[in-house]
Amino acid sequence: MRARPPDPSRGGSSGGGAATQAGSAGGGEGRGLGGRVRASEGSGRFRKRKYDNFPHNQRREGKDVNASSPVMVAFKSFQQELDARHDKYERLVKLSRDITVESKRTIFLLHRITSAPDLEEILTESEIKLDGVRQKILQVAQELSGEDMHQFHRAITTGLQEYVEAVSFQHFIKTRSLISMDEINKQLIFTTDDNEKENKTPSSDAQDNQFGTWRLKVTPVDYLLGVADLTGELMRMCINSVGNGDIDTPFEVSQFLRQVYDGFSFIGNTGPYEVSKKLYTLKQSLAKVENACYALKVRGSEIPKHMLADVFSVKTEMIDQEEGIS
């Protein structure tokens, strides 16, 4: 029997199926390779977030805001309160700057005592200047009427420290002692008569104050910082008095500065940061005064009085250079 020839349709279909399977397998491999390539290419890109699908040029339109809503009314009152507080803070900063300037002028005036012949005249003029400074402090007290002072303390602390320095310097010249914080606070109690001295109409705070008095208390930190600054002024007065032939003042100042330094040493690092910074300056002032007293005690009989100022100026420059090197 002759072999039967193969059916072309059946063979073609099997060949085509094999080709189709091969093609599909190759296509699958191609798609898998292409997918891996695209995945590797896209690995360095940021993944899109959901809201990136929205066009950037389209904004979500909100409803009209109702100005009379309780939320808007509340925030409107918050805005007014913050604006008023900010304006008050700026006014207090300006008043503190004026207090600082006038207090410095009073200190410069008191330094003339070492060379001026009339002591009482300078003290009277300094008292007039301090009265002007207290009128500025009265305005500060009126601004702080009904307010928490500690919220605005940073705006006025510089002026209060300078005022304490001026008042304590004047008190030392008069009595050779340190004024207490209670005495300073007693001077900062104002009545309606003090307000009328400025020839100004009382403010609404003054009308609301039923007792007609205002007061501003100096905080312990302001008092300590003011006393620490006083030591520098006493050191300058000591050197100037020696140049004018006054031998007793340096020893009085030296004894006073030792007592102040001992008091600050008890505070040490337990007090505020500003006080610990002033302690180093206080120690420098005390060292300069003690060196002046040492030169007076040891070489005072050898050096004429009119040459003592030159000797102390040279020694002060040498101390300053040594401190700068160290």
# chains A, B, ... in the order shown; residues from 1 in each chain; ligands from 1
$ select_by_dssp --residues "range 42-271 of chain A" --states "helix (DSSP H, G or I)" --output "NGL selection string"
:A and (42-44 or 50-53 or 70-114 or 119-143 or 149-151 or 153-175 or 181-187 or 192-196 or 204-208 or 220-243 or 248-270)
$ select_by_dssp --residues "range 93-289 of chain A" --states "strand (DSSP E or B)" --output "number ranges by chain"
A: 189-190, 214-215
$ write_last_selection --atoms "N, CA and C atoms" --output "PDB file, in the first residue's frame"
ATOM      1  N   ILE A 189       5.632 106.050  91.999  1.00  0.00           N
ATOM      2  CA  ILE A 189       4.196 106.118  92.263  1.00  0.00           C
ATOM      3  C   ILE A 189       3.739 107.531  91.941  1.00  0.00           C
ATOM      4  N   PHE A 190       2.856 107.648  90.975  1.00  0.00           N
ATOM      5  CA  PHE A 190       2.441 108.955  90.456  1.00  0.00           C
ATOM      6  C   PHE A 190       0.976 109.187  90.798  1.00  0.00           C
ATOM      7  N   TRP A 214      -0.888 106.061  89.420  1.00  0.00           N
ATOM      8  CA  TRP A 214      -0.246 105.069  88.551  1.00  0.00           C
ATOM      9  C   TRP A 214       1.061 104.670  89.207  1.00  0.00           C
ATOM     10  N   ARG A 215       1.454 103.456  88.994  1.00  0.00           N
ATOM     11  CA  ARG A 215       2.720 102.987  89.535  1.00  0.00           C
ATOM     12  C   ARG A 215       3.359 102.015  88.556  1.00  0.00           C
TER      13      ARG A 215
END
$ residues_around --residues "Gln139 in chain A" --least-positions-apart "3" --cutoff "10 Å" --atoms "only C-alpha atoms" --output "ChimeraX atom specification"
/A:91-92,95,134-136,142-145,195,203,214
$ write_last_selection --atoms "N, CA and C atoms" --output "PDB file, in the first residue's frame"
ATOM      1  N   ARG A  91       5.016 102.013  70.941  1.00  0.00           N
ATOM      2  CA  ARG A  91       5.039 103.243  71.749  1.00  0.00           C
ATOM      3  C   ARG A  91       5.919 103.062  72.982  1.00  0.00           C
ATOM      4  N   LEU A  92       5.857 101.888  73.594  1.00  0.00           N
ATOM      5  CA  LEU A  92       6.689 101.627  74.768  1.00  0.00           C
ATOM      6  C   LEU A  92       8.174 101.588  74.409  1.00  0.00           C
ATOM      7  N   LEU A  95       9.286 105.197  74.167  1.00  0.00           N
ATOM      8  CA  LEU A  95       9.420 105.792  75.494  1.00  0.00           C
ATOM      9  C   LEU A  95      10.662 105.260  76.213  1.00  0.00           C
ATOM     10  N   ARG A 134      11.169 110.672  85.065  1.00  0.00           N
ATOM     11  CA  ARG A 134      10.001 110.069  85.733  1.00  0.00           C
ATOM     12  C   ARG A 134       8.705 110.416  85.009  1.00  0.00           C
ATOM     13  N   GLN A 135       8.654 111.567  84.360  1.00  0.00           N
ATOM     14  CA  GLN A 135       7.466 111.893  83.567  1.00  0.00           C
ATOM     15  C   GLN A 135       7.322 110.949  82.373  1.00  0.00           C
ATOM     16  N   LYS A 136       8.454 110.542  81.815  1.00  0.00           N
ATOM     17  CA  LYS A 136       8.408 109.522  80.751  1.00  0.00           C
ATOM     18  C   LYS A 136       7.954 108.181  81.307  1.00  0.00           C
ATOM     19  N   GLN A 142       0.999 104.657  82.350  1.00  0.00           N
ATOM     20  CA  GLN A 142      -0.336 104.849  81.786  1.00  0.00           C
ATOM     21  C   GLN A 142      -0.591 103.887  80.639  1.00  0.00           C
ATOM     22  N   GLU A 143       0.437 103.622  79.837  1.00  0.00           N
ATOM     23  CA  GLU A 143       0.281 102.662  78.739  1.00  0.00           C
ATOM     24  C   GLU A 143       0.035 101.252  79.267  1.00  0.00           C
ATOM     25  N   LEU A 144       0.646 100.935  80.405  1.00  0.00           N
ATOM     26  CA  LEU A 144       0.518  99.590  80.963  1.00  0.00           C
ATOM     27  C   LEU A 144      -0.640  99.458  81.930  1.00  0.00           C
ATOM     28  N   SER A 145      -1.444 100.497  82.054  1.00  0.00           N
ATOM     29  CA  SER A 145      -2.588 100.428  82.964  1.00  0.00           C
ATOM     30  C   SER A 145      -3.581  99.375  82.474  1.00  0.00           C
ATOM     31  N   ASN A 195       0.538 114.077  86.855  1.00  0.00           N
ATOM     32  CA  ASN A 195       0.113 114.033  85.460  1.00  0.00           C
ATOM     33  C   ASN A 195      -0.187 115.425  84.932  1.00  0.00           C
ATOM     34  N   SER A 203      -5.488 110.607  79.734  1.00  0.00           N
ATOM     35  CA  SER A 203      -5.952 109.623  78.769  1.00  0.00           C
ATOM     36  C   SER A 203      -7.163 108.889  79.313  1.00  0.00           C
ATOM     37  N   TRP A 214      -0.888 106.061  89.420  1.00  0.00           N
ATOM     38  CA  TRP A 214      -0.246 105.069  88.551  1.00  0.00           C
ATOM     39  C   TRP A 214       1.061 104.670  89.207  1.00  0.00           C
TER      40      TRP A 214
END
$ closest_residue --among "A:Ala84, A:Leu224, A:Ile113, A:Leu188" --to "Asp131 in chain A" --atoms "only C-alpha atoms"
A:Leu188
$ residues_around --residues "range 152-166 of chain A" --least-positions-apart "4" --cutoff "8 Å" --atoms "only C-alpha atoms" --output "PyMOL selection string"
chain A and resi 89-90+92-93+95-100+103-104+106-107+133+148+170+184+218+222-223+225-227+229-230
$ residues_around --residues "Glu290 in chain A" --least-positions-apart "2" --cutoff "12 Å" --atoms "only C-alpha atoms" --output "number ranges by chain"
A: 235, 238-239, 250-258, 283-288, 292-297, 312, 315-316, 319
$ closest_residue --among "A:Leu279, A:Ile122, A:Ala141, A:Ile128" --to "Asp262 in chain A" --atoms "only C-alpha atoms"
A:Leu279
$ decode --residues "range 153-182 of chain A" --atoms "N, CA and C atoms" --output "compact mmCIF listing (two decimals), in the first residue's frame"
# COMPACT_ATOMS: atom_id res chain seq x y z
N HIS A 153 7.52 93.67 79.01
CA HIS A 153 8.73 93.97 79.78
C HIS A 153 9.94 94.12 78.88
N ARG A 154 10.00 93.37 77.82
CA ARG A 154 11.16 93.45 76.93
C ARG A 154 11.27 94.81 76.26
N ALA A 155 10.17 95.50 76.09
CA ALA A 155 10.18 96.80 75.42
C ALA A 155 10.72 97.90 76.32
N ILE A 156 10.61 97.74 77.65
CA ILE A 156 10.97 98.82 78.58
C ILE A 156 12.14 98.48 79.47
N THR A 157 12.68 97.28 79.40
CA THR A 157 13.72 96.87 80.35
C THR A 157 14.99 97.69 80.19
N THR A 158 15.36 98.08 78.97
CA THR A 158 16.58 98.86 78.77
C THR A 158 16.47 100.23 79.43
N GLY A 159 15.33 100.89 79.28
CA GLY A 159 15.15 102.19 79.91
C GLY A 159 15.13 102.11 81.42
N LEU A 160 14.50 101.07 81.97
CA LEU A 160 14.45 100.93 83.42
C LEU A 160 15.84 100.66 84.00
N GLN A 161 16.64 99.87 83.33
CA GLN A 161 18.00 99.62 83.81
C GLN A 161 18.83 100.90 83.83
N GLU A 162 18.69 101.70 82.79
CA GLU A 162 19.45 102.96 82.73
C GLU A 162 18.96 103.94 83.80
N TYR A 163 17.66 103.94 84.06
CA TYR A 163 17.13 104.81 85.11
C TYR A 163 17.65 104.38 86.48
N VAL A 164 17.67 103.09 86.75
CA VAL A 164 18.20 102.58 88.02
C VAL A 164 19.67 102.98 88.17
N GLU A 165 20.41 102.90 87.09
CA GLU A 165 21.82 103.29 87.14
C GLU A 165 21.98 104.76 87.48
N ALA A 166 21.17 105.62 86.86
CA ALA A 166 21.28 107.06 87.13
C ALA A 166 20.86 107.40 88.56
N VAL A 167 19.75 106.81 89.02
CA VAL A 167 19.27 107.11 90.37
C VAL A 167 20.25 106.59 91.42
N SER A 168 20.76 105.40 91.25
CA SER A 168 21.70 104.84 92.22
C SER A 168 23.02 105.61 92.21
N PHE A 169 23.45 106.13 91.07
CA PHE A 169 24.67 106.93 91.00
C PHE A 169 24.50 108.25 91.76
N GLN A 170 23.36 108.88 91.58
CA GLN A 170 23.09 110.11 92.33
C GLN A 170 23.00 109.84 93.83
N HIS A 171 22.36 108.73 94.19
CA HIS A 171 22.22 108.39 95.62
C HIS A 171 23.58 108.09 96.24
N PHE A 172 24.48 107.45 95.50
CA PHE A 172 25.81 107.15 96.03
C PHE A 172 26.60 108.44 96.25
N ILE A 173 26.48 109.38 95.33
CA ILE A 173 27.21 110.65 95.50
C ILE A 173 26.71 111.40 96.73
N LYS A 174 25.42 111.29 97.01
CA LYS A 174 24.87 112.00 98.16
C LYS A 174 25.20 111.30 99.48
N THR A 175 25.03 109.99 99.53
CA THR A 175 25.08 109.27 100.81
C THR A 175 26.20 108.23 100.90
N ARG A 176 26.92 107.97 99.82
CA ARG A 176 27.94 106.92 99.78
C ARG A 176 27.35 105.56 100.15
N SER A 177 26.14 105.29 99.70
CA SER A 177 25.47 104.01 99.96
C SER A 177 24.64 103.64 98.73
N LEU A 178 24.11 102.42 98.76
CA LEU A 178 23.32 101.91 97.63
C LEU A 178 21.84 102.10 97.92
N ILE A 179 21.13 102.63 96.95
CA ILE A 179 19.69 102.80 97.08
C ILE A 179 19.01 101.44 96.93
N SER A 180 17.96 101.23 97.68
CA SER A 180 17.25 99.95 97.62
C SER A 180 16.19 99.97 96.53
N MET A 181 15.72 98.78 96.19
CA MET A 181 14.70 98.68 95.14
C MET A 181 13.38 99.25 95.62
N ASP A 182 13.09 99.13 96.91
CA ASP A 182 11.84 99.69 97.43
C ASP A 182 11.83 101.21 97.34
